[in-house]
file data.cif (mmCIF, C-alpha atoms)
data_final
#
loop_
_atom_site.label_atom_id
_atom_site.label_comp_id
_atom_site.auth_asym_id
_atom_site.auth_seq_id
_atom_site.Cartn_x
_atom_site.Cartn_y
_atom_site.Cartn_z
CA MET V 27 -96.71 4.12 22.49
CA LYS V 28 -96.55 7.32 20.49
CA LYS V 29 -93.59 8.47 22.58
CA THR V 30 -91.71 5.23 21.87
CA ALA V 31 -92.41 5.52 18.15
CA LEU V 32 -91.12 9.08 18.14
CA ILE V 33 -87.90 8.01 19.85
CA LEU V 34 -87.37 5.18 17.37
CA PHE V 35 -88.02 7.49 14.44
CA THR V 36 -85.52 10.04 15.76
CA MET V 37 -82.85 7.36 16.26
CA PHE V 38 -83.46 6.03 12.76
CA SER V 39 -83.13 9.54 11.27
CA VAL V 40 -79.83 10.13 13.11
CA LEU V 41 -78.45 6.79 11.89
CA MET V 42 -79.44 7.56 8.30
CA GLN V 43 -77.77 10.96 8.47
CA ALA V 44 -74.61 9.43 9.95
CA GLN V 45 -74.44 6.97 7.07
CA GLU V 46 -74.76 9.79 4.57
CA ILE V 47 -71.84 11.77 6.07
CA LYS V 48 -68.66 10.95 4.19
CA PRO V 49 -65.19 11.81 5.42
CA ILE V 50 -63.55 14.68 3.54
CA PRO V 51 -60.21 13.64 2.04
CA THR V 52 -57.46 15.99 3.22
CA VAL V 53 -53.72 16.31 3.10
CA ASN V 54 -52.05 17.57 6.29
CA VAL V 55 -48.65 19.27 6.04
CA ALA V 56 -46.25 21.33 8.12
CA GLY V 57 -44.73 24.56 6.86
CA GLU V 58 -41.87 26.73 8.09
CA GLY V 59 -41.09 30.37 7.51
CA LYS V 60 -37.66 31.67 8.47
CA ILE V 61 -36.19 35.17 8.22
CA LYS V 62 -32.72 36.27 9.32
CA ILE V 63 -31.81 39.79 10.33
CA VAL V 64 -28.95 41.63 12.01
CA PRO V 65 -30.17 42.89 15.42
CA ASP V 66 -30.36 46.62 16.04
CA GLN V 67 -31.11 46.57 19.80
CA VAL V 68 -29.74 44.88 22.90
CA ALA V 69 -31.38 44.34 26.29
CA ILE V 70 -28.86 44.42 29.15
CA THR V 71 -29.43 43.43 32.77
CA ILE V 72 -26.77 44.85 35.10
CA GLY V 73 -26.35 44.69 38.86
CA VAL V 74 -24.60 46.46 41.71
CA GLU V 75 -23.74 44.31 44.73
CA SER V 76 -22.29 45.60 48.02
CA LYS V 77 -21.17 43.69 51.11
CA GLY V 78 -20.28 44.69 54.66
CA ASN V 79 -20.80 44.18 58.37
CA ASN V 80 -23.46 46.84 58.92
CA SER V 81 -26.76 46.58 57.04
CA ALA V 82 -27.44 50.33 57.01
CA GLU V 83 -23.96 51.14 55.70
CA VAL V 84 -24.15 48.41 53.07
CA LYS V 85 -27.53 49.70 51.86
CA LYS V 86 -26.24 53.30 51.77
CA GLU V 87 -23.15 52.29 49.80
CA ASN V 88 -25.30 50.36 47.32
CA ASP V 89 -27.71 53.27 46.88
CA THR V 90 -24.81 55.64 46.21
CA LYS V 91 -23.42 53.37 43.49
CA ILE V 92 -26.82 52.90 41.88
CA ASP V 93 -27.33 56.65 41.84
CA ALA V 94 -24.05 56.99 39.91
CA VAL V 95 -25.06 54.19 37.55
CA LEU V 96 -28.43 55.76 36.73
CA LYS V 97 -26.77 59.14 36.08
CA SER V 98 -24.28 57.43 33.74
CA ILE V 99 -27.13 55.80 31.80
CA LYS V 100 -28.81 59.19 31.33
CA LYS V 101 -25.54 60.62 29.96
CA PHE V 102 -25.92 58.30 26.97
CA ALA V 103 -29.28 59.87 26.04
CA ILE V 104 -31.17 56.67 26.81
CA ALA V 105 -34.90 57.42 27.17
CA LYS V 106 -36.30 57.07 30.69
CA GLU V 107 -38.76 54.41 29.52
CA ASP V 108 -35.83 52.29 28.27
CA PHE V 109 -34.31 51.58 31.69
CA GLN V 110 -35.80 50.61 35.03
CA THR V 111 -34.96 49.03 38.37
CA ALA V 112 -35.84 45.35 38.20
CA ARG V 113 -34.85 44.06 41.65
CA VAL V 114 -33.76 45.41 45.04
CA ALA V 115 -32.50 43.13 47.82
CA LEU V 116 -30.86 43.31 51.26
CA TYR V 117 -30.12 40.11 53.16
CA PRO V 118 -27.85 38.75 55.93
CA ASN V 119 -25.10 36.16 55.47
CA TYR V 120 -23.96 34.15 58.47
CA ASP V 121 -20.55 32.43 58.49
CA TYR V 122 -20.88 29.51 60.93
CA GLU V 123 -17.14 28.83 60.97
CA LYS V 124 -16.17 32.39 61.87
CA LYS V 125 -19.47 32.95 63.73
CA LYS V 126 -19.82 36.26 61.98
CA GLN V 127 -22.75 37.89 60.22
CA THR V 128 -22.39 40.12 57.18
CA TYR V 129 -24.89 41.76 54.83
CA THR V 130 -25.33 41.94 51.08
CA ALA V 131 -27.27 44.65 49.27
CA SER V 132 -27.97 44.44 45.55
CA GLN V 133 -29.93 46.24 42.91
CA THR V 134 -30.60 45.19 39.31
CA VAL V 135 -31.30 47.52 36.39
CA GLU V 136 -32.63 46.54 32.97
CA ILE V 137 -31.59 48.66 29.98
CA LEU V 138 -32.84 48.60 26.40
CA LEU V 139 -30.07 50.02 24.22
CA ARG V 140 -31.45 51.02 20.82
CA ASP V 141 -28.05 52.01 19.41
CA LEU V 142 -25.56 49.13 19.40
CA SER V 143 -22.67 51.47 18.62
CA LYS V 144 -22.95 52.81 22.18
CA TYR V 145 -22.60 49.40 23.84
CA ASP V 146 -18.87 49.33 24.59
CA ALA V 147 -18.71 52.93 25.77
CA LEU V 148 -21.79 52.46 27.96
CA MET V 149 -20.51 49.28 29.59
CA SER V 150 -17.09 50.82 30.17
CA GLU V 151 -18.72 53.79 31.88
CA LEU V 152 -20.99 51.62 34.02
CA THR V 153 -18.19 49.41 35.32
CA THR V 154 -16.32 52.48 36.53
CA THR V 155 -19.38 53.78 38.37
CA GLY V 156 -20.10 50.64 40.35
CA VAL V 157 -21.59 47.90 38.19
CA ASN V 158 -19.98 44.62 39.25
CA ARG V 159 -22.47 42.15 37.81
CA ILE V 160 -23.82 41.59 34.30
CA ASP V 161 -26.71 39.13 34.47
CA ASN V 162 -27.98 39.03 30.92
CA VAL V 163 -27.46 40.38 27.41
CA VAL V 164 -30.08 39.63 24.73
CA PHE V 165 -30.18 40.91 21.16
CA LYS V 166 -33.45 42.17 19.69
CA SER V 167 -34.89 43.69 16.54
CA SER V 168 -37.12 46.74 16.34
CA GLN V 169 -38.74 45.14 13.27
CA PHE V 170 -39.70 41.90 14.99
CA LYS V 171 -43.49 42.15 14.52
CA GLN V 172 -43.15 42.97 10.83
CA LEU V 173 -40.66 40.13 10.33
CA GLN V 174 -42.89 37.70 12.21
CA SER V 175 -45.78 38.59 9.90
CA GLU V 176 -43.61 37.93 6.85
CA ALA V 177 -42.41 34.63 8.35
CA ARG V 178 -46.03 33.52 8.80
CA LYS V 179 -46.73 34.12 5.13
CA LEU V 180 -43.63 32.15 4.17
CA ALA V 181 -44.68 29.28 6.45
CA VAL V 182 -48.13 29.05 4.85
CA LYS V 183 -46.59 29.23 1.38
CA ASP V 184 -44.18 26.44 2.31
CA ALA V 185 -47.06 24.29 3.55
CA LYS V 186 -49.04 24.85 0.36
CA THR V 187 -46.06 23.90 -1.82
CA LYS V 188 -45.62 20.64 0.11
CA ALA V 189 -49.33 19.84 -0.18
CA GLU V 190 -49.23 20.42 -3.95
CA ASP V 191 -46.23 18.07 -4.25
CA PHE V 192 -48.07 15.31 -2.38
CA ALA V 193 -51.23 15.79 -4.41
CA ALA V 194 -49.31 15.80 -7.71
CA GLY V 195 -47.76 12.47 -6.77
CA LEU V 196 -51.27 11.06 -6.50
CA GLY V 197 -52.45 12.67 -9.71
CA GLN V 198 -54.73 14.98 -7.75
CA LYS V 199 -54.96 18.61 -6.76
CA ILE V 200 -55.43 20.44 -3.47
CA GLY V 201 -58.46 22.57 -2.71
CA LYS V 202 -59.14 25.09 0.03
CA ALA V 203 -57.46 24.96 3.40
CA VAL V 204 -59.82 23.66 6.10
CA SER V 205 -57.63 24.25 9.17
CA ILE V 206 -54.39 25.91 10.20
CA SER V 207 -52.51 25.95 13.50
CA ASP V 208 -49.45 27.83 14.69
CA ASN V 209 -46.83 25.55 16.23
CA SER V 210 -44.14 28.17 16.74
CA GLN V 211 -42.11 27.87 19.93
CA GLY V 212 -41.74 31.62 20.42
CA TYR V 213 -39.00 34.13 19.83
CA GLU V 214 -35.62 32.78 21.02
CA PRO V 215 -32.82 35.07 19.93
CA PRO V 216 -29.28 33.70 20.22
CA ARG V 217 -27.12 34.87 23.11
CA PRO V 218 -24.28 37.24 22.29
CA VAL V 219 -20.72 37.10 23.56
CA MET V 220 -20.92 38.36 27.13
CA TYR V 221 -19.26 41.61 28.08
CA LYS V 222 -15.60 41.58 29.05
CA THR V 223 -13.93 44.31 31.08
CA MET V 224 -12.67 47.11 28.86
CA ALA V 225 -8.88 47.19 28.61
CA MET V 226 -7.18 50.47 27.79
CA ALA V 227 -3.44 50.61 27.31
CA ALA V 228 -1.46 53.33 29.08
CA ASP V 229 -0.58 54.93 25.76
CA GLY V 230 -4.28 55.27 24.83
CA ALA V 231 -4.70 52.17 22.66
CA ALA V 232 -8.07 51.59 21.01
CA GLU V 233 -10.81 49.90 23.00
CA ARG V 234 -11.50 46.23 22.39
CA GLU V 235 -14.74 45.21 20.74
CA THR V 236 -16.77 43.14 23.16
CA LEU V 237 -20.04 42.63 21.29
CA ALA V 238 -20.74 40.11 18.53
CA PRO V 239 -24.33 40.74 17.34
CA GLY V 240 -24.44 37.96 14.73
CA GLU V 241 -27.92 37.34 13.32
CA LEU V 242 -31.40 36.79 14.70
CA GLU V 243 -33.76 34.20 13.27
CA VAL V 244 -37.51 34.76 13.26
CA VAL V 245 -39.07 31.32 12.77
CA VAL V 246 -42.75 30.42 12.38
CA ASN V 247 -44.04 26.83 12.11
CA VAL V 248 -47.59 25.95 11.03
CA ASN V 249 -49.72 22.89 10.34
CA VAL V 250 -52.26 23.20 7.50
CA SER V 251 -54.94 20.82 6.25
CA PHE V 252 -56.03 21.12 2.59
CA ILE V 253 -58.94 19.42 0.87
CA LEU V 254 -57.66 16.79 -1.52
CA ASP V 255 -59.56 16.94 -4.85
#
call {"tool": "encode", "arguments": {"input": "data.cif", "output": "structure tokens"}}
result
Amino acid sequence: MKKTALILFTMFSVLMQAQEIKPIPTVNVAGEGKIKIVPDQVAITIGVESKGNNSAEVKKENDTKIDAVLKSIKKFAIAKEDFQTARVALYPNYDYEKKKQTYTASQTVEILLRDLSKYDALMSELTTTGVNRIDNVVFKSSQFKQLQSEARKLAVKDAKTKAEDFAAGLGQKIGKAVSISDNSQGYEPPRPVMYKTMAMAADGAAERETLAPGELEVVVNVNVSFILD
């Protein structure tokens, strides 16, 4: 009997407390912070591909070209930590019509170029030493973390301004923020114009420009909930 009474008393206390809890009025808004900057770095993924009838010869030819490529990269005073082999492959190819088997060897190298003024000269050099594939070119900024921090502050400020507008329309004010969430989709820099083979006239004409850096956008999106007074 005492146990039953205790259970009933506990349930009654919980119900009374639930009735006393009142929902907190809030205003929920989205904010965006956006900063534009001219990129000062470019990440390049290049490849050397060799084909032939003998796997050992194909691999040897590919290794020789890659050796020349790596030496060319070093000539441009690129730090050793700014380039690395990303992929090495050797595989057979069988032509069923000709009933002939050939082999393909390939190696991929990723380069972080911190001086955009070297881009055209570097790519011209690499194509003469064996690079026959350019897989990717992505612009970057050395100030990305700092810019992202500034964009976050702008996003929160934007959210607060919107909340104040909504509250003013109701003749009220906003209080403290009670929650905030980051809804950013990540860092997606625009793609540049891909590299085109350098063309030099016989009389020593100037090289063509093959890089269009444009601008990068650092964008941060947040959702914030403010107490509505």
call {"tool": "residues_around", "arguments": {"input": "data.cif", "residues": "Thr153 (chain V)", "least_positions_apart": "3", "cutoff": "10 Å", "atoms": "all atoms listed in the file", "output": "list of chain:residue names"}}
result
V:Ile72, V:Val74, V:Val95, V:Leu148, V:Met149, V:Ser150, V:Gly156, V:Val157, V:Asn158, V:Arg159, V:Ile160, V:Thr223, V:Met224
call {"tool": "residues_near_point", "arguments": {"input": "data.cif", "point": "(-31.3, 39.5, 25.7)", "cutoff": "7 Å", "atoms": "only C-alpha atoms", "output": "mmCIF file with C-alpha atoms, in the coordinates of the input"}}
result
data_model
loop_
_atom_site.group_PDB
_atom_site.id
_atom_site.type_symbol
_atom_site.label_atom_id
_atom_site.label_comp_id
_atom_site.auth_asym_id
_atom_site.auth_seq_id
_atom_site.Cartn_x
_atom_site.Cartn_y
_atom_site.Cartn_z
ATOM 1 C CA VAL V 68 -29.740 44.880 22.900
ATOM 2 C CA ALA V 69 -31.380 44.340 26.290
ATOM 3 C CA ILE V 70 -28.860 44.420 29.150
ATOM 4 C CA ASN V 162 -27.980 39.030 30.920
ATOM 5 C CA VAL V 163 -27.460 40.380 27.410
ATOM 6 C CA VAL V 164 -30.080 39.630 24.730
ATOM 7 C CA PHE V 165 -30.180 40.910 21.160
ATOM 8 C CA LYS V 166 -33.450 42.170 19.690
ATOM 9 C CA ARG V 217 -27.120 34.870 23.110
#
call {"tool": "atom_distance", "arguments": {"input": "data.cif", "atom1": "CA of Asn54 (chain V)", "atom2": "CA of Val250 (chain V)"}}
result
5.8 Å
call {"tool": "closest_atom_pairs", "arguments": {"input": "data.cif", "of": "region 140-191 of chain V", "to": "region 197-204 of chain V", "cutoff": "10 Å", "atoms": "only C-alpha atoms", "output": "tab-separated table"}}
result
residue	atom	partner	partner_atom	distance
V:Lys186	CA	V:Ile200	CA	8.7
V:Ala189	CA	V:Ile200	CA	7.0
V:Glu190	CA	V:Ile200	CA	6.2
V:Asp191	CA	V:Lys199	CA	9.1
call {"tool": "closest_residue", "arguments": {"input": "data.cif", "among": "V:Val64, V:Ala147, V:Thr71, V:Thr130", "to": "Phe102 (chain V)", "atoms": "all atoms listed in the file"}}
result
V:Ala147
call {"tool": "residues_around", "arguments": {"input": "data.cif", "residues": "Asn88 (chain V)", "least_positions_apart": "2", "cutoff": "9 Å", "atoms": "all atoms listed in the file", "output": "list in words"}}
result
Val74, Glu75, Ser76, Lys77, Glu83, Val84, Lys85, Lys86, Thr90, Lys91, Ile92, Asp93, Ala131, Ser132, Gln133 and Gly156 of chain V
call {"tool": "resolve_selection", "arguments": {"input": "data.cif", "expression": "the PyMOL selection byres ((chain V and resi 248) around 9)", "output": "JSON, numbers by chain"}}
result
{"V": [55, 56, 57, 58, 59, 178, 181, 182, 185, 206, 207, 208, 209, 210, 246, 247, 249, 250]}
call {"tool": "atom_distance", "arguments": {"input": "data.cif", "atom1": "CA of Arg113 (chain V)", "atom2": "CA of Phe170 (chain V)"}}
result
27.2 Å
call {"tool": "decode", "arguments": {"input": "data.cif", "residues": "region 93-204 of chain V", "atoms": "C-alpha atoms", "output": "tab-separated table (two decimals), in the first residue's frame"}}
result
chain	number	residue	atom	x	y	z
V	93	ASP	CA	62.40	10.55	-62.79
V	94	ALA	CA	62.75	13.42	-65.28
V	95	VAL	CA	59.47	14.95	-64.09
V	96	LEU	CA	60.50	14.89	-60.42
V	97	LYS	CA	63.86	16.48	-61.27
V	98	SER	CA	62.04	19.22	-63.21
V	99	ILE	CA	59.80	19.93	-60.22
V	100	LYS	CA	62.84	20.32	-57.96
V	101	LYS	CA	64.35	22.82	-60.43
V	102	PHE	CA	61.51	25.20	-59.57
V	103	ALA	CA	62.51	25.24	-55.89
V	104	ILE	CA	59.31	23.49	-54.83
V	105	ALA	CA	59.70	22.10	-51.30
V	106	LYS	CA	59.84	18.31	-51.04
V	107	GLU	CA	56.75	18.28	-48.80
V	108	ASP	CA	54.78	20.07	-51.54
V	109	PHE	CA	54.87	17.22	-54.07
V	110	GLN	CA	54.35	13.49	-53.79
V	111	THR	CA	53.49	10.39	-55.79
V	112	ALA	CA	49.77	9.77	-55.50
V	113	ARG	CA	49.24	6.66	-57.62
V	114	VAL	CA	51.29	3.99	-59.43
V	115	ALA	CA	49.68	1.45	-61.78
V	116	LEU	CA	50.66	-1.25	-64.29
V	117	TYR	CA	47.95	-3.25	-66.04
V	118	PRO	CA	47.37	-5.34	-69.19
V	119	ASN	CA	45.05	-4.41	-72.07
V	120	TYR	CA	43.74	-7.15	-74.33
V	121	ASP	CA	42.44	-6.35	-77.83
V	122	TYR	CA	39.99	-9.15	-78.68
V	123	GLU	CA	39.73	-8.12	-82.33
V	124	LYS	CA	43.49	-8.18	-82.94
V	125	LYS	CA	44.00	-10.87	-80.28
V	126	LYS	CA	46.88	-8.88	-78.92
V	127	GLN	CA	47.84	-7.91	-75.39
V	128	THR	CA	49.52	-4.63	-74.49
V	129	TYR	CA	50.44	-2.97	-71.20
V	130	THR	CA	49.88	0.45	-69.67
V	131	ALA	CA	52.00	1.92	-66.89
V	132	SER	CA	51.05	5.17	-65.19
V	133	GLN	CA	52.13	7.30	-62.29
V	134	THR	CA	50.39	10.33	-60.79
V	135	VAL	CA	52.07	13.18	-58.92
V	136	GLU	CA	50.35	15.85	-56.83
V	137	ILE	CA	52.00	19.28	-56.61
V	138	LEU	CA	51.16	22.25	-54.41
V	139	LEU	CA	52.47	25.35	-56.17
V	140	ARG	CA	52.68	28.26	-53.73
V	141	ASP	CA	53.77	30.78	-56.38
V	142	LEU	CA	51.22	31.17	-59.19
V	143	SER	CA	53.69	33.12	-61.32
V	144	LYS	CA	55.60	29.86	-61.87
V	145	TYR	CA	52.60	27.95	-63.22
V	146	ASP	CA	53.08	28.39	-66.97
V	147	ALA	CA	56.83	27.82	-66.89
V	148	LEU	CA	56.42	24.74	-64.68
V	149	MET	CA	53.75	23.17	-66.87
V	150	SER	CA	55.73	23.89	-70.03
V	151	GLU	CA	58.77	22.19	-68.51
V	152	LEU	CA	56.77	19.18	-67.32
V	153	THR	CA	55.15	18.51	-70.69
V	154	THR	CA	58.57	18.38	-72.32
V	155	THR	CA	59.84	15.88	-69.75
V	156	GLY	CA	57.04	13.36	-70.15
V	157	VAL	CA	53.82	14.55	-68.55
V	158	ASN	CA	50.98	13.60	-70.89
V	159	ARG	CA	48.03	13.85	-68.52
V	160	ILE	CA	46.71	16.65	-66.31
V	161	ASP	CA	44.02	15.26	-64.03
V	162	ASN	CA	43.15	18.18	-61.82
V	163	VAL	CA	43.89	21.84	-61.09
V	164	VAL	CA	42.40	23.44	-57.96
V	165	PHE	CA	43.00	26.94	-56.63
V	166	LYS	CA	43.61	27.48	-52.92
V	167	SER	CA	44.38	30.22	-50.41
V	168	SER	CA	47.08	30.13	-47.76
V	169	GLN	CA	44.79	32.30	-45.61
V	170	PHE	CA	41.82	29.93	-45.70
V	171	LYS	CA	41.57	29.24	-41.94
V	172	GLN	CA	41.75	32.92	-41.08
V	173	LEU	CA	39.15	33.77	-43.74
V	174	GLN	CA	36.87	30.98	-42.55
V	175	SER	CA	37.01	32.38	-39.01
V	176	GLU	CA	36.06	35.83	-40.30
V	177	ALA	CA	33.23	34.35	-42.38
V	178	ARG	CA	31.83	32.64	-39.26
V	179	LYS	CA	31.68	35.96	-37.45
V	180	LEU	CA	29.92	37.55	-40.42
V	181	ALA	CA	27.41	34.69	-40.54
V	182	VAL	CA	26.52	35.09	-36.85
V	183	LYS	CA	26.25	38.86	-37.28
V	184	ASP	CA	23.94	38.35	-40.27
V	185	ALA	CA	21.75	35.98	-38.24
V	186	LYS	CA	21.51	38.45	-35.36
V	187	THR	CA	20.52	41.30	-37.70
V	188	LYS	CA	17.72	39.17	-39.19
V	189	ALA	CA	16.48	38.18	-35.72
V	190	GLU	CA	16.39	41.84	-34.65
V	191	ASP	CA	14.36	42.73	-37.76
V	192	PHE	CA	11.80	40.02	-37.00
V	193	ALA	CA	11.56	41.01	-33.36
V	194	ALA	CA	11.19	44.71	-34.22
V	195	GLY	CA	8.27	43.85	-36.48
V	196	LEU	CA	6.56	42.32	-33.46
V	197	GLY	CA	7.43	45.20	-31.17
V	198	GLN	CA	9.79	42.96	-29.21
V	199	LYS	CA	13.49	42.45	-28.71
V	200	ILE	CA	15.81	39.47	-28.92
V	201	GLY	CA	17.71	38.10	-25.94
V	202	LYS	CA	20.59	35.66	-25.70
V	203	ALA	CA	21.25	33.00	-28.27
V	204	VAL	CA	20.20	29.54	-27.02
